[in-house]
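entry-v3.csv follows (CSV, C-alpha atoms):
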```csv
chain,number,residue,atom,x,y,z
B,1,MET,CA,51.3,36.0,-11.3
B,2,SER,CA,48.0,34.1,-11.3
B,3,PRO,CA,44.9,35.5,-9.5
B,4,LYS,CA,44.9,32.5,-7.1
B,5,LEU,CA,48.5,33.1,-6.0
B,6,GLU,CA,47.8,36.8,-5.6
B,7,ASP,CA,44.8,36.0,-3.4
B,8,LYS,CA,47.0,33.7,-1.2
B,9,LEU,CA,49.7,36.3,-0.9
B,10,ALA,CA,47.3,39.0,0.1
B,11,THR,CA,45.6,36.7,2.6
B,12,PHE,CA,49.0,35.8,4.1
B,13,LEU,CA,49.9,39.5,4.3
B,14,MET,CA,46.7,40.4,6.1
B,15,TYR,CA,47.2,37.6,8.6
B,16,MET,CA,50.8,38.7,9.3
B,17,LEU,CA,49.7,42.3,9.8
B,18,ALA,CA,47.0,41.2,12.2
B,19,VAL,CA,49.5,39.0,14.2
B,20,LEU,CA,52.0,41.8,14.4
B,21,ALA,CA,49.3,44.2,15.7
B,22,VAL,CA,48.2,41.7,18.4
B,23,MET,CA,51.8,40.9,19.4
B,24,PHE,CA,52.6,44.6,19.7
B,25,LEU,CA,49.5,45.1,21.9
B,26,LEU,CA,50.3,42.1,24.0
B,27,ALA,CA,53.9,43.2,24.5
B,28,ILE,CA,52.9,46.6,25.7
B,29,THR,CA,50.3,45.1,28.1
B,30,PHE,CA,52.8,42.5,29.4
B,31,ILE,CA,55.6,45.1,30.0
B,32,LEU,CA,53.2,47.4,32.0
B,33,LEU,CA,51.6,44.7,34.0
B,34,ASN,CA,54.9,43.0,34.8
B,35,ALA,CA,56.2,46.3,36.2
B,36,GLY,CA,53.0,47.3,38.0
B,37,LEU,CA,51.3,44.2,39.4
B,38,ARG,CA,53.8,43.8,42.2
B,39,VAL,CA,52.9,47.4,43.4
B,40,ILE,CA,49.2,46.8,43.6
B,41,ASN,CA,47.9,45.9,47.1
B,42,ILE,CA,45.1,47.0,49.5
B,43,HIS,CA,47.2,49.8,50.9
B,44,PHE,CA,47.9,51.1,47.4
B,45,LEU,CA,44.3,51.0,46.4
B,46,ILE,CA,42.8,52.8,49.4
B,47,SER,CA,45.5,55.2,50.6
B,48,SER,CA,46.0,58.8,49.5
B,49,PRO,CA,49.0,59.9,47.4
B,50,LYS,CA,52.0,61.5,49.1
B,51,ALA,CA,53.7,64.4,47.4
B,52,PHE,CA,57.1,64.2,49.1
B,53,GLN,CA,57.1,60.8,50.9
B,54,SER,CA,57.1,57.2,49.6
B,55,GLY,CA,54.3,54.7,50.2
B,56,GLY,CA,51.4,56.7,48.8
B,57,GLY,CA,48.4,55.2,47.0
B,58,VAL,CA,45.7,56.1,44.5
B,59,GLY,CA,42.5,55.7,46.6
B,60,PRO,CA,41.0,59.2,45.9
B,61,GLN,CA,42.0,59.0,42.2
B,62,ILE,CA,40.1,55.7,41.7
B,63,VAL,CA,37.0,57.2,43.4
B,64,ASN,CA,37.3,60.3,41.3
B,65,SER,CA,37.6,58.3,38.1
B,66,PHE,CA,34.5,56.3,38.7
B,67,MET,CA,32.5,59.4,39.8
B,68,ILE,CA,33.5,61.3,36.7
B,69,LEU,CA,32.6,58.2,34.6
B,70,PHE,CA,29.1,58.0,36.2
B,71,LEU,CA,28.5,61.8,35.7
B,72,THR,CA,29.6,61.6,32.1
B,73,LEU,CA,27.4,58.7,31.3
B,74,ILE,CA,24.4,60.5,32.8
B,75,PHE,CA,24.7,63.2,30.2
B,76,THR,CA,26.2,61.2,27.3
B,77,VAL,CA,23.9,58.2,27.1
B,78,PRO,CA,20.5,59.9,26.9
B,79,ILE,CA,21.6,62.7,24.7
B,80,GLY,CA,23.7,60.5,22.4
B,81,ILE,CA,20.9,57.9,22.0
B,82,GLY,CA,18.3,60.5,21.4
B,83,ALA,CA,20.5,62.2,18.7
B,84,GLY,CA,21.2,58.8,17.1
B,85,ILE,CA,17.4,57.9,17.1
B,86,TYR,CA,16.6,61.2,15.4
B,87,LEU,CA,19.3,60.8,12.7
B,88,SER,CA,18.3,57.2,11.9
B,89,GLU,CA,14.6,57.3,12.2
B,90,PHE,CA,13.4,60.9,11.7
B,91,ALA,CA,16.0,63.0,9.9
B,92,LYS,CA,15.5,63.5,6.2
B,93,LYS,CA,18.3,63.7,3.7
B,94,ASN,CA,18.8,67.5,3.2
B,95,ALA,CA,21.4,70.2,3.8
B,96,ILE,CA,20.7,70.5,7.5
B,97,THR,CA,21.2,66.8,8.3
B,98,GLY,CA,24.2,66.8,6.1
B,99,ILE,CA,25.7,69.6,8.1
B,100,LEU,CA,24.8,67.7,11.3
B,101,ARG,CA,26.6,64.6,10.2
B,102,LEU,CA,29.6,66.5,9.0
B,103,SER,CA,29.7,68.3,12.4
B,104,ILE,CA,29.5,65.0,14.3
B,105,GLU,CA,32.3,63.5,12.1
B,106,THR,CA,34.5,66.6,12.7
B,107,LEU,CA,33.9,66.6,16.4
B,108,SER,CA,34.7,62.9,16.8
B,109,SER,CA,38.1,63.5,15.1
B,110,LEU,CA,39.2,66.4,17.2
B,111,PRO,CA,42.1,65.7,19.6
B,112,SER,CA,41.0,65.4,23.2
B,113,VAL,CA,43.4,68.2,24.2
B,114,ILE,CA,41.4,70.6,22.0
B,115,ILE,CA,38.2,69.5,23.7
B,116,GLY,CA,39.9,70.1,27.0
B,117,LEU,CA,40.8,73.6,26.1
B,118,PHE,CA,37.1,74.1,25.1
B,119,GLY,CA,36.0,72.8,28.5
B,120,LEU,CA,38.5,75.2,30.2
B,121,LEU,CA,37.1,78.2,28.3
B,122,VAL,CA,33.4,77.3,28.7
B,123,PHE,CA,32.9,75.2,31.9
B,124,VAL,CA,35.8,76.3,34.0
B,125,THR,CA,35.9,80.0,33.1
B,126,THR,CA,32.6,81.1,31.6
B,127,PHE,CA,30.3,79.0,33.8
B,128,GLY,CA,32.6,79.7,36.8
B,129,TRP,CA,32.7,76.0,37.9
B,130,GLY,CA,36.5,76.1,38.2
B,131,PHE,CA,38.6,72.9,38.2
B,132,SER,CA,35.9,70.5,39.3
B,133,MET,CA,34.4,67.1,38.7
B,134,ILE,CA,31.4,68.6,36.9
B,135,SER,CA,33.6,70.5,34.5
B,136,GLY,CA,35.5,67.4,33.7
B,137,ALA,CA,32.3,65.3,33.2
B,138,MET,CA,30.8,67.9,30.9
B,139,THR,CA,34.0,68.1,28.8
B,140,LEU,CA,34.1,64.3,28.5
B,141,THR,CA,30.4,64.4,27.5
B,142,VAL,CA,31.3,66.7,24.6
B,143,LEU,CA,34.2,64.3,23.7
B,144,ASN,CA,32.0,61.2,23.7
B,145,LEU,CA,28.7,62.5,22.3
B,146,PRO,CA,29.7,62.0,18.6
B,147,VAL,CA,30.8,58.4,19.3
B,148,MET,CA,27.6,57.5,21.2
B,149,THR,CA,25.5,59.2,18.5
B,150,ARG,CA,27.1,57.3,15.7
B,151,ILE,CA,26.9,54.0,17.5
B,152,THR,CA,23.2,54.5,18.1
B,153,GLU,CA,22.5,55.6,14.5
B,154,GLU,CA,24.3,52.6,13.1
B,155,ALA,CA,22.7,50.1,15.6
B,156,PHE,CA,19.2,51.3,14.6
B,157,ARG,CA,20.0,51.3,10.9
B,158,ASP,CA,21.2,47.7,11.1
B,159,VAL,CA,17.9,46.5,12.5
B,160,LYS,CA,16.1,44.6,9.8
B,161,ARG,CA,13.3,46.5,8.0
B,162,ASP,CA,11.0,43.5,8.3
B,163,LEU,CA,10.8,44.0,12.1
B,164,ARG,CA,9.6,47.6,11.6
B,165,GLU,CA,7.0,46.6,8.9
B,166,ALA,CA,5.7,43.7,11.0
B,167,SER,CA,5.2,46.0,14.0
B,168,LEU,CA,3.5,48.7,12.0
B,169,ALA,CA,1.3,46.1,10.3
B,170,LEU,CA,0.1,44.9,13.8
B,171,GLY,CA,-1.1,48.4,14.6
B,172,ALA,CA,1.8,49.8,16.6
B,173,THR,CA,2.5,53.4,16.2
B,174,ARG,CA,5.9,54.6,14.9
B,175,TRP,CA,7.1,55.6,18.3
B,176,GLN,CA,6.0,52.2,19.8
B,177,THR,CA,7.9,50.5,17.0
B,178,ILE,CA,11.0,52.4,17.7
B,179,THR,CA,11.0,52.0,21.5
B,180,ARG,CA,9.6,48.5,21.8
B,181,VAL,CA,10.9,46.7,18.7
B,182,VAL,CA,13.9,48.5,17.1
B,183,MET,CA,15.5,49.6,20.4
B,184,VAL,CA,15.2,46.2,21.9
B,185,SER,CA,17.0,44.7,18.9
B,186,ALA,CA,19.7,47.4,19.1
B,187,ILE,CA,20.2,47.0,22.9
B,188,PRO,CA,23.3,44.7,22.6
B,189,ARG,CA,25.2,47.1,20.4
B,190,LEU,CA,24.1,50.1,22.6
B,191,ILE,CA,25.4,48.3,25.7
B,192,THR,CA,28.7,47.5,23.9
B,193,GLY,CA,29.0,51.2,22.9
B,194,ILE,CA,28.3,52.4,26.4
B,195,ILE,CA,30.9,50.2,28.0
B,196,LEU,CA,33.5,50.9,25.4
B,197,ALA,CA,32.9,54.6,25.9
B,198,SER,CA,33.3,54.0,29.6
B,199,GLY,CA,36.8,52.6,29.0
B,200,ARG,CA,37.6,55.6,26.9
B,201,ILE,CA,36.3,58.0,29.6
B,202,PHE,CA,38.2,56.1,32.3
B,203,GLY,CA,41.5,56.4,30.4
B,204,GLU,CA,41.2,60.0,29.3
B,205,ALA,CA,43.8,62.4,30.7
B,206,ALA,CA,44.4,65.3,28.3
B,207,ALA,CA,40.9,66.8,28.5
B,208,LEU,CA,40.7,66.4,32.3
B,209,ILE,CA,44.0,68.2,33.0
B,210,PHE,CA,42.4,71.4,32.0
B,211,THR,CA,39.0,70.9,33.6
B,212,ALA,CA,38.9,68.4,36.5
B,213,GLY,CA,42.3,69.6,37.8
B,214,MET,CA,45.5,67.8,38.9
B,215,THR,CA,44.7,67.8,42.7
B,216,SER,CA,42.2,66.0,44.9
B,217,PRO,CA,41.2,67.0,48.4
B,218,LYS,CA,41.1,64.4,51.1
B,219,LEU,CA,37.8,62.6,50.7
B,220,THR,CA,35.4,63.1,53.7
B,221,PRO,CA,31.6,62.6,54.1
B,222,ASP,CA,31.2,66.4,53.6
B,223,ASN,CA,32.9,66.6,50.1
B,224,PHE,CA,32.6,63.0,48.8
B,225,PHE,CA,29.7,63.8,46.5
B,226,ASN,CA,30.6,67.4,45.9
B,227,ILE,CA,30.7,67.7,42.1
B,228,PHE,CA,32.3,71.2,42.3
B,229,ARG,CA,35.5,70.0,44.0
B,230,PRO,CA,38.8,69.2,42.1
B,231,ALA,CA,38.9,65.6,41.0
B,232,GLU,CA,42.2,64.3,39.8
B,233,THR,CA,41.6,60.9,38.0
B,234,LEU,CA,43.9,57.9,37.8
B,235,ALA,CA,45.0,58.7,34.2
B,236,VAL,CA,45.8,62.3,35.1
B,237,HIS,CA,47.7,61.1,38.2
B,238,ILE,CA,49.9,58.9,36.0
B,239,TRP,CA,50.8,61.8,33.8
B,240,LYS,CA,51.4,64.0,36.9
B,241,VAL,CA,53.6,61.5,38.6
B,242,ASN,CA,55.7,60.9,35.5
B,243,SER,CA,56.1,64.5,34.6
B,244,GLU,CA,56.5,66.3,38.0
B,245,GLY,CA,56.4,63.7,40.7
B,246,LEU,CA,58.7,64.5,43.7
B,247,ALA,CA,58.0,61.3,45.8
B,248,PRO,CA,61.0,59.0,46.1
B,249,ASP,CA,59.0,56.1,44.7
B,250,ALA,CA,57.3,58.1,41.9
B,251,ARG,CA,58.2,55.5,39.3
B,252,ARG,CA,56.7,52.7,41.5
B,253,ILE,CA,53.5,54.7,41.8
B,254,ALA,CA,53.3,55.3,38.0
B,255,ASP,CA,53.9,51.6,37.3
B,256,GLY,CA,51.2,50.5,39.7
B,257,SER,CA,48.7,53.1,38.5
B,258,SER,CA,49.3,52.2,34.8
B,259,ALA,CA,48.8,48.5,35.5
B,260,LEU,CA,45.6,49.2,37.5
B,261,LEU,CA,44.3,51.4,34.6
B,262,ILE,CA,45.0,48.7,32.1
B,263,ILE,CA,43.2,46.1,34.2
B,264,ILE,CA,40.2,48.3,34.6
B,265,ILE,CA,40.0,49.0,30.8
B,266,ILE,CA,40.4,45.4,30.0
B,267,ALA,CA,37.6,44.6,32.4
B,268,PHE,CA,35.4,47.1,30.7
B,269,ASN,CA,36.0,45.4,27.3
B,270,PHE,CA,35.4,41.9,28.6
B,271,LEU,CA,32.2,43.2,30.4
B,272,ALA,CA,31.1,44.6,27.0
B,273,ARG,CA,31.5,41.2,25.3
B,274,ALA,CA,29.8,39.3,28.1
B,275,LEU,CA,26.8,41.6,28.4
B,276,THR,CA,26.4,41.7,24.6
B,277,GLN,CA,26.4,37.9,24.3
B,278,LYS,CA,24.0,37.5,27.2
B,279,LEU,CA,21.6,40.1,25.9
B,280,TYR,CA,21.7,38.7,22.4
B,281,LYS,CA,20.9,35.2,23.6
B,282,ARG,CA,18.1,36.5,25.8
B,283,LEU,CA,16.5,38.7,23.1
B,284,THR,CA,16.8,36.1,20.3
B,285,GLY,CA,16.3,33.0,22.4
B,286,ALA,CA,19.4,31.4,20.9
```

Could I get this file's structure written as structure tokens?
Amino acid sequence: MSPKLEDKLATFLMYMLAVLAVMFLLAITFILLNAGLRVINIHFLISSPKAFQSGGGVGPQIVNSFMILFLTLIFTVPIGIGAGIYLSEFAKKNAITGILRLSIETLSSLPSVIIGLFGLLVFVTTFGWGFSMISGAMTLTVLNLPVMTRITEEAFRDVKRDLREASLALGATRWQTITRVVMVSAIPRLITGIILASGRIFGEAAALIFTAGMTSPKLTPDNFFNIFRPAETLAVHIWKVNSEGLAPDARRIADGSSALLIIIIIAFNFLARALTQKLYKRLTGA
């Protein structure tokens, strides 16, 4: 077989695999949206779930999901970006940094259920926070820190060396170069990483079952911002309804919740692309 024919066959195979992957993803999305879109309405979005009656909604679960997302990002973004800056700009190649990178790689590959058990042991039990919003947020911070650190490190390393040298040649300090030149160039990728991490946080269930809990009190002005209350999220609610739901319309609730979760995660991804393109054009003047 000639090299040219081998190249064409390999290219055709790669295209076919890509098409199959996209078709598989679209099929799953279509099936879930087709079953769940008919369920979603204003009542479903704002009402509370009902344990033994039909007609419940997911209002508190949506609020809890966004509040845990916000809390998680408060801790994840500054710590992850700081760690990424250290590894890309200051860390020397030695045994210590090698161990750090190995630890980050290992932590990023751990199943979320293991992180959830860690959160149960540390935040729920040892710290005495119980099943609460803050326990879930801190557990998701542990889950997402390796990803945010790697995204930041790679974004900073990909910035052209000429920009650093030009800034230093003009008299800027190393820290000014990092914060005002390198970080500005890396902002589009950092924003993309943050929003993609947001979609991952929003869809996480295994880690939150052991930390944020599987219940949610009725939201009132007194407990709305209480970070030490149980906070069942939308993803956890889907698992709970499918596994132990007693409401007559449990399947309907699960379908609607799944469709809503897919819509939100897709929105996060489109937002990431839109913000990245807008920031890139603004920073480069393209």

Original post:
Nearest to Ser216 (chain B) among B:Ala51, B:Ile96, B:Leu107, B:Ala267, with distances taken over only C-alpha atoms: which residue is it?
Top reply: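 Using only C-alpha atoms, the shortest distance to Ser216 (chain B) belongs to B:Ala51.
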
Subject >> One-decimal distance in Å that lies between CA of Thr72 (chain B) and CA of Val124 (chain B) >> reply: 16.1 Å

**OP:** Quick one: everything within 10 Å of Gly82 (chain B), counting only C-alpha atoms, minus sequence neighbours fewer than 3 positions away in the same chain. Send it as JSON, numbers by chain.
**Re:** {"B": [76, 77, 78, 79, 85, 86, 87, 148, 149, 152, 153]}

**OP:** Identify which of the residues B:Leu117, B:Ile99, B:Val58, B:Val142 lies closest to Leu261 (chain B), counting only C-alpha atoms when measuring atom-to-atom distances.
**Re:** B:Val58

Original post:
From the set B:Arg273, B:Lys218, B:Lys281, B:Arg200, which residue has the shortest atom-to-atom contact distance to Leu69 (chain B), counting only C-alpha atoms?
Top reply: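 Checking each candidate against Leu69 (chain B), we get B:Arg200 as the closest.
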
Subject >> Distance of CA of His43 (chain B) from CA of Phe30 (chain B), expressed in Å to one decimal place >> reply: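 Distance between the two atoms: 23.4 Å.
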
Once all heavy atoms are restored for region 201-212 of chain B, what would the output be as a CSV table (one decimal), keeping the file's coordinate frame?
```
chain,number,residue,atom,x,y,z
B,201,ILE,N,36.5,56.9,28.6
B,201,ILE,CA,36.3,58.0,29.6
B,201,ILE,C,37.3,57.7,30.8
B,201,ILE,O,38.0,58.6,31.3
B,201,ILE,CB,34.9,58.0,30.2
B,201,ILE,CG1,33.9,58.5,29.1
B,201,ILE,CG2,34.8,58.9,31.4
B,201,ILE,CD1,32.5,58.3,29.4
B,202,PHE,N,37.4,56.5,31.2
B,202,PHE,CA,38.2,56.1,32.3
B,202,PHE,C,39.7,56.4,32.0
B,202,PHE,O,40.5,56.8,32.9
B,202,PHE,CB,38.0,54.7,32.7
B,202,PHE,CG,38.3,54.4,34.2
B,202,PHE,CD1,37.3,54.4,35.1
B,202,PHE,CD2,39.6,54.1,34.6
B,202,PHE,CE1,37.5,54.2,36.4
B,202,PHE,CE2,39.8,53.9,36.0
B,202,PHE,CZ,38.8,53.9,36.9
B,203,GLY,N,40.1,56.2,30.8
B,203,GLY,CA,41.5,56.4,30.4
B,203,GLY,C,41.9,57.7,29.9
B,203,GLY,O,43.0,58.0,29.6
B,204,GLU,N,40.9,58.7,29.9
B,204,GLU,CA,41.2,60.0,29.3
B,204,GLU,C,42.0,60.9,30.3
B,204,GLU,O,41.7,60.9,31.5
B,204,GLU,CB,39.9,60.7,29.0
B,204,GLU,CG,40.1,62.1,28.4
B,204,GLU,CD,40.9,62.1,27.1
B,204,GLU,OE1,40.7,61.2,26.3
B,204,GLU,OE2,41.8,62.9,27.1
B,205,ALA,N,43.0,61.6,29.8
B,205,ALA,CA,43.8,62.4,30.7
B,205,ALA,C,43.9,63.9,30.2
B,205,ALA,O,43.7,64.8,30.9
B,205,ALA,CB,45.2,61.8,30.8
B,206,ALA,N,44.1,64.0,28.9
B,206,ALA,CA,44.4,65.3,28.3
B,206,ALA,C,43.3,66.3,28.6
B,206,ALA,O,43.5,67.5,29.0
B,206,ALA,CB,44.7,65.2,26.8
B,207,ALA,N,42.0,65.9,28.3
B,207,ALA,CA,40.9,66.8,28.5
B,207,ALA,C,40.7,67.1,30.0
B,207,ALA,O,40.2,68.2,30.3
B,207,ALA,CB,39.6,66.1,27.9
B,208,LEU,N,41.0,66.2,30.9
B,208,LEU,CA,40.7,66.4,32.3
B,208,LEU,C,41.8,67.2,33.0
B,208,LEU,O,41.5,67.8,34.1
B,208,LEU,CB,40.6,65.1,33.0
B,208,LEU,CG,39.4,64.2,32.6
B,208,LEU,CD1,39.4,62.9,33.3
B,208,LEU,CD2,38.1,64.9,32.9
B,209,ILE,N,43.0,67.3,32.4
B,209,ILE,CA,44.0,68.2,33.0
B,209,ILE,C,43.6,69.6,33.1
B,209,ILE,O,43.8,70.3,34.1
B,209,ILE,CB,45.3,68.0,32.2
B,209,ILE,CG1,45.9,66.6,32.4
B,209,ILE,CG2,46.3,69.1,32.6
B,209,ILE,CD1,47.1,66.4,31.5
B,210,PHE,N,42.8,70.1,32.0
B,210,PHE,CA,42.4,71.4,32.0
B,210,PHE,C,41.1,71.7,32.6
B,210,PHE,O,40.6,72.8,32.7
B,210,PHE,CB,42.3,71.9,30.5
B,210,PHE,CG,43.6,71.8,29.8
B,210,PHE,CD1,43.8,70.8,28.8
B,210,PHE,CD2,44.6,72.7,30.0
B,210,PHE,CE1,45.0,70.6,28.1
B,210,PHE,CE2,45.8,72.6,29.3
B,210,PHE,CZ,46.0,71.6,28.3
B,211,THR,N,40.4,70.7,33.1
B,211,THR,CA,39.0,70.9,33.6
B,211,THR,C,38.8,70.3,35.0
B,211,THR,O,38.3,71.0,35.8
B,211,THR,CB,38.0,70.2,32.6
B,211,THR,OG1,38.4,68.8,32.4
B,211,THR,CG2,38.0,70.9,31.3
B,212,ALA,N,39.1,69.0,35.2
B,212,ALA,CA,38.9,68.4,36.5
B,212,ALA,C,40.1,68.8,37.5
B,212,ALA,O,39.9,68.6,38.7
B,212,ALA,CB,38.8,66.9,36.4
```
